[in-house]
$ cat final-v9.cif   # mmCIF, N, CA and C atoms
data_start
#
loop_
_atom_site.label_atom_id
_atom_site.label_comp_id
_atom_site.auth_asym_id
_atom_site.auth_seq_id
_atom_site.Cartn_x
_atom_site.Cartn_y
_atom_site.Cartn_z
N MET E 261 -105.11 49.89 147.01
CA MET E 261 -103.85 49.46 146.47
C MET E 261 -103.93 49.49 144.95
N LYS E 262 -102.90 50.16 144.33
CA LYS E 262 -102.90 50.26 142.88
C LYS E 262 -102.39 48.97 142.27
N PRO E 263 -102.99 48.57 141.16
CA PRO E 263 -102.45 47.39 140.48
C PRO E 263 -101.11 47.75 139.83
N SER E 264 -100.17 46.83 139.84
CA SER E 264 -98.86 47.10 139.22
C SER E 264 -99.00 47.01 137.70
N PRO E 265 -98.27 47.86 136.99
CA PRO E 265 -98.35 47.84 135.53
C PRO E 265 -97.74 46.56 134.98
N PRO E 266 -98.11 46.21 133.77
CA PRO E 266 -97.51 45.03 133.14
C PRO E 266 -95.99 45.20 133.05
N PRO E 267 -95.25 44.08 132.93
CA PRO E 267 -93.78 44.17 132.94
C PRO E 267 -93.20 45.01 131.80
N TYR E 268 -93.83 45.01 130.64
CA TYR E 268 -93.26 45.77 129.53
C TYR E 268 -93.46 47.27 129.73
N LEU E 269 -94.39 47.69 130.55
CA LEU E 269 -94.58 49.10 130.85
C LEU E 269 -93.79 49.56 132.07
N ARG E 270 -93.34 48.64 132.85
CA ARG E 270 -92.65 48.96 134.09
C ARG E 270 -91.36 49.75 133.81
N PHE E 271 -90.67 49.41 132.71
CA PHE E 271 -89.42 50.10 132.39
C PHE E 271 -89.68 51.48 131.79
N ILE E 272 -90.79 51.63 131.09
CA ILE E 272 -91.09 52.90 130.45
C ILE E 272 -91.53 53.93 131.49
N THR E 273 -92.33 53.52 132.45
CA THR E 273 -92.90 54.45 133.41
C THR E 273 -92.06 54.60 134.67
N LEU E 274 -90.97 53.88 134.77
CA LEU E 274 -90.14 53.94 135.96
C LEU E 274 -89.37 55.26 135.99
N ARG E 275 -89.56 56.04 137.06
CA ARG E 275 -88.87 57.32 137.20
C ARG E 275 -88.09 57.31 138.51
N PRO E 276 -86.94 57.94 138.50
CA PRO E 276 -86.18 58.00 139.75
C PRO E 276 -86.94 58.84 140.77
N SER E 277 -86.92 58.39 141.98
CA SER E 277 -87.66 59.09 143.04
C SER E 277 -86.81 60.15 143.74
N SER E 278 -85.49 60.04 143.67
CA SER E 278 -84.65 61.01 144.36
C SER E 278 -84.28 62.16 143.43
N LEU E 279 -83.93 63.26 144.01
CA LEU E 279 -83.53 64.44 143.24
C LEU E 279 -82.25 64.17 142.44
N LEU E 280 -81.31 63.46 143.04
CA LEU E 280 -80.06 63.14 142.36
C LEU E 280 -80.32 62.25 141.14
N GLY E 281 -81.24 61.31 141.27
CA GLY E 281 -81.59 60.43 140.15
C GLY E 281 -82.23 61.19 139.01
N ARG E 282 -83.10 62.15 139.35
CA ARG E 282 -83.74 62.97 138.30
C ARG E 282 -82.71 63.85 137.60
N ILE E 283 -81.79 64.43 138.36
CA ILE E 283 -80.74 65.27 137.75
C ILE E 283 -79.88 64.43 136.81
N ALA E 284 -79.54 63.23 137.24
CA ALA E 284 -78.73 62.34 136.38
C ALA E 284 -79.49 61.95 135.13
N LEU E 285 -80.79 61.69 135.25
CA LEU E 285 -81.60 61.31 134.09
C LEU E 285 -81.71 62.46 133.10
N TYR E 286 -81.97 63.67 133.60
CA TYR E 286 -82.07 64.83 132.72
C TYR E 286 -80.72 65.17 132.09
N ALA E 287 -79.64 65.00 132.84
CA ALA E 287 -78.30 65.27 132.28
C ALA E 287 -77.99 64.27 131.16
N ALA E 288 -78.33 63.00 131.37
CA ALA E 288 -78.09 62.00 130.33
C ALA E 288 -78.94 62.30 129.09
N GLY E 289 -80.17 62.73 129.30
CA GLY E 289 -81.02 63.10 128.17
C GLY E 289 -80.48 64.29 127.42
N LEU E 290 -80.00 65.28 128.14
CA LEU E 290 -79.43 66.46 127.51
C LEU E 290 -78.16 66.12 126.73
N ILE E 291 -77.32 65.26 127.30
CA ILE E 291 -76.11 64.83 126.60
C ILE E 291 -76.46 64.07 125.32
N ALA E 292 -77.47 63.21 125.39
CA ALA E 292 -77.89 62.47 124.20
C ALA E 292 -78.45 63.41 123.14
N LEU E 293 -79.20 64.42 123.57
CA LEU E 293 -79.76 65.39 122.63
C LEU E 293 -78.67 66.20 121.94
N VAL E 294 -77.70 66.68 122.70
CA VAL E 294 -76.60 67.45 122.13
C VAL E 294 -75.77 66.58 121.19
N ALA E 295 -75.50 65.35 121.60
CA ALA E 295 -74.73 64.44 120.74
C ALA E 295 -75.47 64.17 119.43
N GLY E 296 -76.77 64.03 119.50
CA GLY E 296 -77.56 63.83 118.29
C GLY E 296 -77.49 65.01 117.35
N PHE E 297 -77.62 66.22 117.91
CA PHE E 297 -77.51 67.41 117.07
C PHE E 297 -76.12 67.54 116.46
N LEU E 298 -75.09 67.24 117.22
CA LEU E 298 -73.73 67.31 116.68
C LEU E 298 -73.53 66.29 115.57
N PHE E 299 -74.06 65.09 115.76
CA PHE E 299 -73.94 64.05 114.74
C PHE E 299 -74.64 64.47 113.45
N ILE E 300 -75.84 65.02 113.58
CA ILE E 300 -76.57 65.48 112.40
C ILE E 300 -75.82 66.64 111.74
N GLY E 301 -75.24 67.53 112.55
CA GLY E 301 -74.46 68.63 111.99
C GLY E 301 -73.25 68.16 111.22
N VAL E 302 -72.55 67.18 111.76
CA VAL E 302 -71.37 66.64 111.07
C VAL E 302 -71.78 65.99 109.75
N ILE E 303 -72.88 65.26 109.76
CA ILE E 303 -73.37 64.62 108.53
C ILE E 303 -73.74 65.67 107.50
N LEU E 304 -74.42 66.74 107.91
CA LEU E 304 -74.80 67.80 106.97
C LEU E 304 -73.57 68.52 106.41
N ILE E 305 -72.58 68.77 107.24
CA ILE E 305 -71.36 69.43 106.76
C ILE E 305 -70.60 68.53 105.78
N ALA E 306 -70.52 67.25 106.09
CA ALA E 306 -69.85 66.32 105.17
C ALA E 306 -70.59 66.25 103.84
N GLY E 307 -71.90 66.24 103.89
CA GLY E 307 -72.68 66.23 102.65
C GLY E 307 -72.47 67.50 101.83
N ALA E 308 -72.42 68.64 102.51
CA ALA E 308 -72.19 69.90 101.81
C ALA E 308 -70.81 69.92 101.17
N LEU E 309 -69.81 69.41 101.86
CA LEU E 309 -68.46 69.34 101.28
C LEU E 309 -68.41 68.41 100.07
N ALA E 310 -69.15 67.31 100.14
CA ALA E 310 -69.19 66.39 99.00
C ALA E 310 -69.85 67.04 97.80
N VAL E 311 -70.91 67.80 98.03
CA VAL E 311 -71.59 68.50 96.93
C VAL E 311 -70.66 69.55 96.33
N VAL E 312 -69.96 70.29 97.16
CA VAL E 312 -69.02 71.30 96.65
C VAL E 312 -67.92 70.64 95.84
N ALA E 313 -67.40 69.51 96.30
CA ALA E 313 -66.36 68.80 95.55
C ALA E 313 -66.89 68.33 94.20
N MET E 314 -68.11 67.82 94.16
CA MET E 314 -68.69 67.38 92.88
C MET E 314 -68.90 68.56 91.93
N LEU E 315 -69.34 69.70 92.46
CA LEU E 315 -69.52 70.88 91.60
C LEU E 315 -68.19 71.38 91.05
N ILE E 316 -67.15 71.34 91.86
CA ILE E 316 -65.82 71.75 91.38
C ILE E 316 -65.33 70.79 90.29
N LEU E 317 -65.53 69.50 90.49
CA LEU E 317 -65.13 68.54 89.45
C LEU E 317 -65.92 68.74 88.18
N ARG E 318 -67.20 69.01 88.29
CA ARG E 318 -68.04 69.25 87.10
C ARG E 318 -67.54 70.48 86.35
N TRP E 319 -67.26 71.56 87.10
CA TRP E 319 -66.73 72.76 86.47
C TRP E 319 -65.40 72.49 85.79
N TRP E 320 -64.53 71.71 86.46
CA TRP E 320 -63.21 71.42 85.90
C TRP E 320 -63.33 70.61 84.60
N PHE E 321 -64.23 69.62 84.59
CA PHE E 321 -64.42 68.83 83.37
C PHE E 321 -65.00 69.69 82.25
N LYS E 322 -65.90 70.62 82.57
CA LYS E 322 -66.43 71.51 81.53
C LYS E 322 -65.33 72.39 80.96
N GLN E 323 -64.48 72.94 81.84
CA GLN E 323 -63.38 73.78 81.36
C GLN E 323 -62.41 72.98 80.49
N LYS E 324 -62.16 71.75 80.90
CA LYS E 324 -61.25 70.90 80.15
C LYS E 324 -61.82 70.58 78.78
N SER E 325 -63.12 70.33 78.72
CA SER E 325 -63.73 70.00 77.42
C SER E 325 -63.82 71.23 76.52
N LYS E 326 -63.95 72.43 77.09
CA LYS E 326 -63.96 73.65 76.28
C LYS E 326 -62.60 73.90 75.63
N ARG E 327 -61.53 73.60 76.36
CA ARG E 327 -60.18 73.79 75.84
C ARG E 327 -59.77 72.68 74.88
N GLY E 328 -60.54 71.64 74.79
CA GLY E 328 -60.17 70.52 73.95
C GLY E 328 -59.63 69.37 74.75
N GLY E 329 -59.34 69.59 75.98
CA GLY E 329 -58.90 68.52 76.86
C GLY E 329 -57.51 68.01 76.58
N GLY E 330 -56.83 68.58 75.62
CA GLY E 330 -55.49 68.12 75.32
C GLY E 330 -55.44 66.78 74.61
N THR E 331 -56.55 66.34 74.06
CA THR E 331 -56.59 65.06 73.37
C THR E 331 -57.01 65.27 71.93
N ALA E 332 -56.49 64.45 71.06
CA ALA E 332 -56.87 64.51 69.65
C ALA E 332 -58.14 63.71 69.39
N ALA E 333 -58.57 62.94 70.35
CA ALA E 333 -59.74 62.09 70.17
C ALA E 333 -61.01 62.91 69.99
N ARG E 334 -61.05 64.13 70.50
CA ARG E 334 -62.24 64.95 70.34
C ARG E 334 -62.40 65.44 68.91
N SER E 335 -61.29 65.71 68.24
CA SER E 335 -61.37 66.22 66.88
C SER E 335 -61.47 65.09 65.85
N ASP E 336 -60.88 63.95 66.11
CA ASP E 336 -60.91 62.83 65.17
C ASP E 336 -61.28 61.55 65.92
N PRO E 337 -62.51 61.04 65.73
CA PRO E 337 -62.92 59.86 66.49
C PRO E 337 -62.22 58.57 66.07
N THR E 338 -61.45 58.59 64.99
CA THR E 338 -60.75 57.37 64.57
C THR E 338 -59.44 57.18 65.31
N ILE E 339 -58.99 58.22 66.02
CA ILE E 339 -57.73 58.14 66.76
C ILE E 339 -58.00 57.54 68.13
N ILE E 340 -57.23 56.54 68.47
CA ILE E 340 -57.30 55.93 69.79
C ILE E 340 -56.00 56.27 70.50
N GLU E 341 -56.14 56.92 71.65
CA GLU E 341 -54.95 57.33 72.39
C GLU E 341 -54.62 56.32 73.47
N GLY E 342 -53.36 56.25 73.81
CA GLY E 342 -52.94 55.39 74.90
C GLY E 342 -51.45 55.53 75.13
N GLU E 343 -50.98 54.95 76.20
CA GLU E 343 -49.55 54.96 76.49
C GLU E 343 -48.95 53.64 76.03
N TYR E 344 -47.76 53.74 75.53
CA TYR E 344 -47.09 52.52 75.07
C TYR E 344 -45.59 52.67 75.26
N THR E 345 -44.90 51.53 75.23
CA THR E 345 -43.45 51.49 75.34
C THR E 345 -42.92 50.69 74.16
N ILE E 346 -41.96 51.25 73.46
CA ILE E 346 -41.36 50.55 72.33
C ILE E 346 -40.27 49.64 72.86
N ILE E 347 -40.39 48.37 72.52
CA ILE E 347 -39.40 47.38 72.94
C ILE E 347 -38.61 46.97 71.70
N ASP E 348 -37.32 47.18 71.73
CA ASP E 348 -36.47 46.83 70.61
C ASP E 348 -36.20 45.33 70.64
N ALA E 349 -36.33 44.68 69.51
CA ALA E 349 -36.13 43.24 69.44
C ALA E 349 -34.69 42.86 69.79
N ASP E 350 -33.74 43.72 69.51
CA ASP E 350 -32.35 43.41 69.81
C ASP E 350 -32.05 43.53 71.30
N ALA E 351 -32.88 44.23 72.04
CA ALA E 351 -32.64 44.43 73.46
C ALA E 351 -33.14 43.26 74.30
N ARG E 352 -33.90 42.34 73.70
CA ARG E 352 -34.43 41.20 74.47
C ARG E 352 -33.34 40.15 74.69
N PRO E 353 -33.43 39.42 75.78
CA PRO E 353 -32.48 38.32 76.00
C PRO E 353 -32.62 37.25 74.91
N ASP E 354 -31.56 36.45 74.73
CA ASP E 354 -31.53 35.45 73.66
C ASP E 354 -32.62 34.39 73.84
N ASP E 355 -32.93 33.97 75.06
CA ASP E 355 -33.93 32.92 75.25
C ASP E 355 -35.33 33.39 74.84
N GLN E 356 -35.66 34.67 74.99
CA GLN E 356 -36.96 35.15 74.55
C GLN E 356 -37.02 35.24 73.03
N ARG E 357 -35.91 35.63 72.39
CA ARG E 357 -35.90 35.71 70.93
C ARG E 357 -36.07 34.32 70.32
N ARG E 358 -35.45 33.35 70.89
CA ARG E 358 -35.55 31.99 70.35
C ARG E 358 -36.97 31.43 70.49
N SER E 359 -37.65 31.74 71.62
CA SER E 359 -39.01 31.21 71.80
C SER E 359 -39.98 31.92 70.86
N ASP E 360 -39.74 33.19 70.53
CA ASP E 360 -40.62 33.91 69.61
C ASP E 360 -40.42 33.48 68.16
N GLU E 361 -39.25 33.07 67.81
CA GLU E 361 -38.95 32.73 66.43
C GLU E 361 -39.48 31.35 66.03
N ARG E 362 -39.87 30.52 66.98
CA ARG E 362 -40.34 29.18 66.67
C ARG E 362 -41.68 29.18 66.08
#
$ encode --input "final-v9.cif" --output "structure tokens"
Amino acid sequence: MKPSPPPYLRFITLRPSSLLGRIALYAAGLIALVAGFLFIGVILIAGALAVVAMLILRWWFKQKSKRGGGTAARSDPTIIEGEYTIIDADARPDDQRRSDER
């Protein structure tokens, strides 16, 4: 009589005894293997697309800097660019003018 394996090995060495059980086990293993390869393939494709996008952005920024970028800040570092809106003092409501004048 063979001694039974320890409980932690019982799950590792347990194999199905029927043909149908073996077919199901091998099919599940094959499905897991294919799914793993597909997952790795998707990750590699996404990484390649990210690298291509970064290279395109790098090229675009280089082209923009060669043309001057449309900004005066490159030629004169004392110029600070920004967007602004001119607000006319006469266009403000009376209550705001009174609080500012105090």
$ axis_aligned_box --input "final-v9.cif" --around "segment 295-314 of chain E" --padding-each-side "5 Å" --output "AutoDock Vina command-line options"
--center_x -72.0 --center_y 67.6 --center_z 106.8 --size_x 21.3 --size_y 17.5 --size_z 39.7
$ atom_distance --input "final-v9.cif" --atom1 "atom C of Leu290 of chain E" --atom2 "atom CA of Val302 of chain E"
17.1 Å
$ atom_distance --input "final-v9.cif" --atom1 "atom CA of Leu285 of chain E" --atom2 "atom C of Leu304 of chain E"
29.7 Å
$ atom_distance --input "final-v9.cif" --atom1 "atom N of Tyr344 of chain E" --atom2 "atom N of Phe321 of chain E"
24.6 Å
$ decode --input "final-v9.cif" --residues "segment 300-319 of chain E" --atoms "N, CA and C atoms" --output "short mmCIF file (atom, residue, chain, number, x, y, z; two decimals), in the first residue's frame"
data_model
loop_
_atom_site.label_atom_id
_atom_site.label_comp_id
_atom_site.auth_asym_id
_atom_site.auth_seq_id
_atom_site.Cartn_x
_atom_site.Cartn_y
_atom_site.Cartn_z
N ILE E 300 -0.54 39.26 -23.79
CA ILE E 300 0.80 39.81 -23.99
C ILE E 300 0.86 40.55 -25.33
N GLY E 301 0.21 40.01 -26.35
CA GLY E 301 0.19 40.68 -27.65
C GLY E 301 -0.50 42.03 -27.60
N VAL E 302 -1.61 42.10 -26.89
CA VAL E 302 -2.33 43.38 -26.76
C VAL E 302 -1.47 44.39 -26.01
N ILE E 303 -0.79 43.95 -24.97
CA ILE E 303 0.08 44.85 -24.21
C ILE E 303 1.22 45.36 -25.09
N LEU E 304 1.83 44.47 -25.88
CA LEU E 304 2.92 44.89 -26.77
C LEU E 304 2.43 45.86 -27.84
N ILE E 305 1.26 45.62 -28.40
CA ILE E 305 0.72 46.53 -29.42
C ILE E 305 0.41 47.90 -28.81
N ALA E 306 -0.18 47.90 -27.62
CA ALA E 306 -0.47 49.18 -26.96
C ALA E 306 0.82 49.94 -26.65
N GLY E 307 1.84 49.24 -26.23
CA GLY E 307 3.13 49.89 -25.97
C GLY E 307 3.74 50.46 -27.23
N ALA E 308 3.64 49.71 -28.33
CA ALA E 308 4.17 50.20 -29.60
C ALA E 308 3.42 51.45 -30.06
N LEU E 309 2.11 51.46 -29.90
CA LEU E 309 1.32 52.64 -30.27
C LEU E 309 1.68 53.85 -29.40
N ALA E 310 1.94 53.61 -28.13
CA ALA E 310 2.33 54.70 -27.24
C ALA E 310 3.69 55.27 -27.65
N VAL E 311 4.61 54.40 -28.03
CA VAL E 311 5.93 54.87 -28.48
C VAL E 311 5.80 55.67 -29.77
N VAL E 312 4.99 55.19 -30.70
CA VAL E 312 4.78 55.92 -31.96
C VAL E 312 4.16 57.28 -31.68
N ALA E 313 3.20 57.35 -30.78
CA ALA E 313 2.57 58.64 -30.45
C ALA E 313 3.59 59.59 -29.83
N MET E 314 4.45 59.09 -28.96
CA MET E 314 5.49 59.95 -28.36
C MET E 314 6.48 60.44 -29.41
N LEU E 315 6.86 59.58 -30.35
CA LEU E 315 7.78 60.00 -31.40
C LEU E 315 7.15 61.06 -32.30
N ILE E 316 5.87 60.91 -32.60
CA ILE E 316 5.18 61.92 -33.41
C ILE E 316 5.11 63.25 -32.67
N LEU E 317 4.81 63.21 -31.38
CA LEU E 317 4.79 64.45 -30.60
C LEU E 317 6.16 65.09 -30.54
N ARG E 318 7.20 64.30 -30.39
CA ARG E 318 8.57 64.84 -30.35
C ARG E 318 8.91 65.51 -31.68
N TRP E 319 8.57 64.84 -32.79
CA TRP E 319 8.81 65.42 -34.09
C TRP E 319 8.04 66.72 -34.26
#
